[in-house]
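Structure file work_33.pdb; described as PDB, C-alpha atoms, pLDDT in the B column.
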ATOM      1  CA  MET E   1     129.622  66.337  45.722  1.00 65.00           C
ATOM      2  CA  GLU E   2     128.987  63.697  43.144  1.00 74.00           C
ATOM      3  CA  GLY E   3     125.279  62.974  42.975  1.00 77.00           C
ATOM      4  CA  LEU E   4     124.347  65.939  45.177  1.00 81.00           C
ATOM      5  CA  GLU E   5     125.190  68.838  42.844  1.00 82.00           C
ATOM      6  CA  ASP E   6     121.566  69.733  42.261  1.00 87.00           C
ATOM      7  CA  TYR E   7     120.497  69.427  45.907  1.00 92.00           C
ATOM      8  CA  THR E   8     119.519  72.573  47.719  1.00 93.00           C
ATOM      9  CA  LEU E   9     120.770  73.214  51.221  1.00 94.00           C
ATOM     10  CA  VAL E  10     117.321  72.396  52.602  1.00 94.00           C
ATOM     11  CA  GLN E  11     117.208  69.083  50.708  1.00 94.00           C
ATOM     12  CA  TYR E  12     120.635  68.181  52.085  1.00 94.00           C
ATOM     13  CA  GLY E  13     119.472  69.194  55.560  1.00 93.00           C
ATOM     14  CA  GLU E  14     116.453  66.923  55.249  1.00 94.00           C
ATOM     15  CA  LEU E  15     118.764  64.011  54.400  1.00 92.00           C
ATOM     16  CA  VAL E  16     121.062  64.729  57.340  1.00 92.00           C
ATOM     17  CA  ALA E  17     118.169  65.135  59.769  1.00 91.00           C
ATOM     18  CA  GLY E  18     116.543  61.921  58.566  1.00 91.00           C
ATOM     19  CA  ASN E  19     119.790  59.985  58.847  1.00 90.00           C
ATOM     20  CA  ASN E  20     120.008  61.116  62.466  1.00 86.00           C
ATOM     21  CA  GLY E  21     116.496  59.991  63.319  1.00 88.00           C
ATOM     22  CA  LEU E  22     115.035  63.505  63.231  1.00 88.00           C
ATOM     23  CA  ASP E  23     112.014  64.736  61.326  1.00 87.00           C
ATOM     24  CA  ALA E  24     112.663  67.298  58.584  1.00 83.00           C
ATOM     25  CA  SER E  25     110.558  69.723  60.609  1.00 86.00           C
ATOM     26  CA  ALA E  26     113.539  69.935  62.998  1.00 88.00           C
ATOM     27  CA  LEU E  27     115.278  72.169  60.434  1.00 94.00           C
ATOM     28  CA  GLU E  28     115.205  75.869  61.207  1.00 94.00           C
ATOM     29  CA  ILE E  29     116.430  78.966  59.384  1.00 93.00           C
ATOM     30  CA  THR E  30     117.592  82.002  61.339  1.00 90.00           C
ATOM     31  CA  ASP E  31     119.473  84.926  59.781  1.00 89.00           C
ATOM     32  CA  GLU E  32     119.988  82.805  56.641  1.00 85.00           C
ATOM     33  CA  LEU E  33     121.596  79.974  58.655  1.00 91.00           C
ATOM     34  CA  LEU E  34     120.114  76.500  58.322  1.00 95.00           C
ATOM     35  CA  TYR E  35     120.412  74.397  61.463  1.00 96.00           C
ATOM     36  CA  PHE E  36     118.794  71.861  63.718  1.00 93.00           C
ATOM     37  CA  ASP E  37     119.280  71.149  67.381  1.00 91.00           C
ATOM     38  CA  TYR E  38     118.817  68.021  69.414  1.00 88.00           C
ATOM     39  CA  GLU E  39     119.538  66.541  72.817  1.00 90.00           C
ATOM     40  CA  TYR E  40     121.381  63.346  73.592  1.00 91.00           C
ATOM     41  CA  THR E  41     121.499  61.641  76.975  1.00 95.00           C
ATOM     42  CA  VAL E  42     124.494  59.460  77.849  1.00 97.00           C
ATOM     43  CA  PRO E  43     122.798  56.547  79.619  1.00 96.00           C
ATOM     44  CA  ASP E  44     125.737  55.522  81.806  1.00 97.00           C
ATOM     45  CA  LEU E  45     126.154  59.055  83.150  1.00 97.00           C
ATOM     46  CA  ASN E  46     122.527  60.169  82.966  1.00 96.00           C
ATOM     47  CA  GLN E  47     123.944  63.381  81.467  1.00 97.00           C
ATOM     48  CA  THR E  48     122.067  65.231  78.720  1.00 97.00           C
ATOM     49  CA  TYR E  49     123.893  67.263  76.083  1.00 96.00           C
ATOM     50  CA  MET E  50     122.407  69.810  73.671  1.00 95.00           C
ATOM     51  CA  TYR E  51     123.818  69.954  70.147  1.00 92.00           C
ATOM     52  CA  TYR E  52     123.409  72.606  67.466  1.00 93.00           C
ATOM     53  CA  THR E  53     124.227  71.510  63.933  1.00 93.00           C
ATOM     54  CA  PHE E  54     124.659  74.122  61.207  1.00 96.00           C
ATOM     55  CA  LEU E  55     124.630  73.316  57.496  1.00 96.00           C
ATOM     56  CA  TYR E  56     126.290  75.254  54.683  1.00 95.00           C
ATOM     57  CA  LYS E  57     126.576  74.712  50.938  1.00 93.00           C
ATOM     58  CA  ALA E  58     129.822  75.827  49.327  1.00 92.00           C
ATOM     59  CA  GLU E  59     130.587  75.778  45.622  1.00 88.00           C
ATOM     60  CA  ASN E  60     131.876  72.200  45.675  1.00 89.00           C
ATOM     61  CA  ALA E  61     130.754  70.703  49.001  1.00 92.00           C
ATOM     62  CA  PHE E  62     128.245  70.702  51.818  1.00 94.00           C
ATOM     63  CA  TRP E  63     129.526  71.499  55.293  1.00 95.00           C
ATOM     64  CA  LEU E  64     128.125  70.358  58.618  1.00 94.00           C
ATOM     65  CA  VAL E  65     129.377  72.043  61.781  1.00 95.00           C
ATOM     66  CA  GLN E  66     128.420  71.026  65.313  1.00 91.00           C
TER      67      GLN E  66
END

How does the structure come out when it is put into structure tokens?
Amino acid sequence: MEGLEDYTLVQYGELVAGNNGLDASALEITDELLYFDYEYTVPDLNQTYMYYTFLYKAENAFWLVQ
């Protein structure tokens, strides 16, 4: 976690959201879980998928689970 030790989970979430083209306002907290959701449409199939991404901060790492 070099360079991110002092980041809060929300700050990390803002970085992840921004790197995925989402506004930080996409972050939500429910029952102490930080997450964001988004849709992606596969152009060739015209199929839309919904993703939920949860973020967690452990003692020595951040975790992202989709």

Near-region 21-28 of chain E list (12 Å; only C-alpha atoms; drop same-chain fewer than 3 positions) as a VMD selection string = chain E and resid 9 to 18 31 to 40 52 to 55

Kindly provide, as JSON, the centre and edge lengths (Å, one decimal) of an axis-aligned box around all atoms of region 29-32 of chain E given in the file, with 6 Å on each side.
{"center_x": 118.2, "center_y": 81.9, "center_z": 59.0, "size_x": 15.6, "size_y": 18.0, "size_z": 16.7}

By how many Å are CA of Thr8 (chain E) and CA of Tyr51 (chain E) apart?
->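 It comes out at 23.0 Å.
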
One decimal, Å: what's the distance from CA of Val65 (chain E) over to CA of Thr41 (chain E), could you say?
-> 20.0 Å

Tell me, as a list in words, which residues lie within 12 Å of Gly3 (chain E), counting all atoms listed in the file; anything in the same chain fewer than 2 positions away does not count.
-> Met1, Glu5, Asp6, Tyr7, Tyr12, Asn60 and Ala61 of chain E
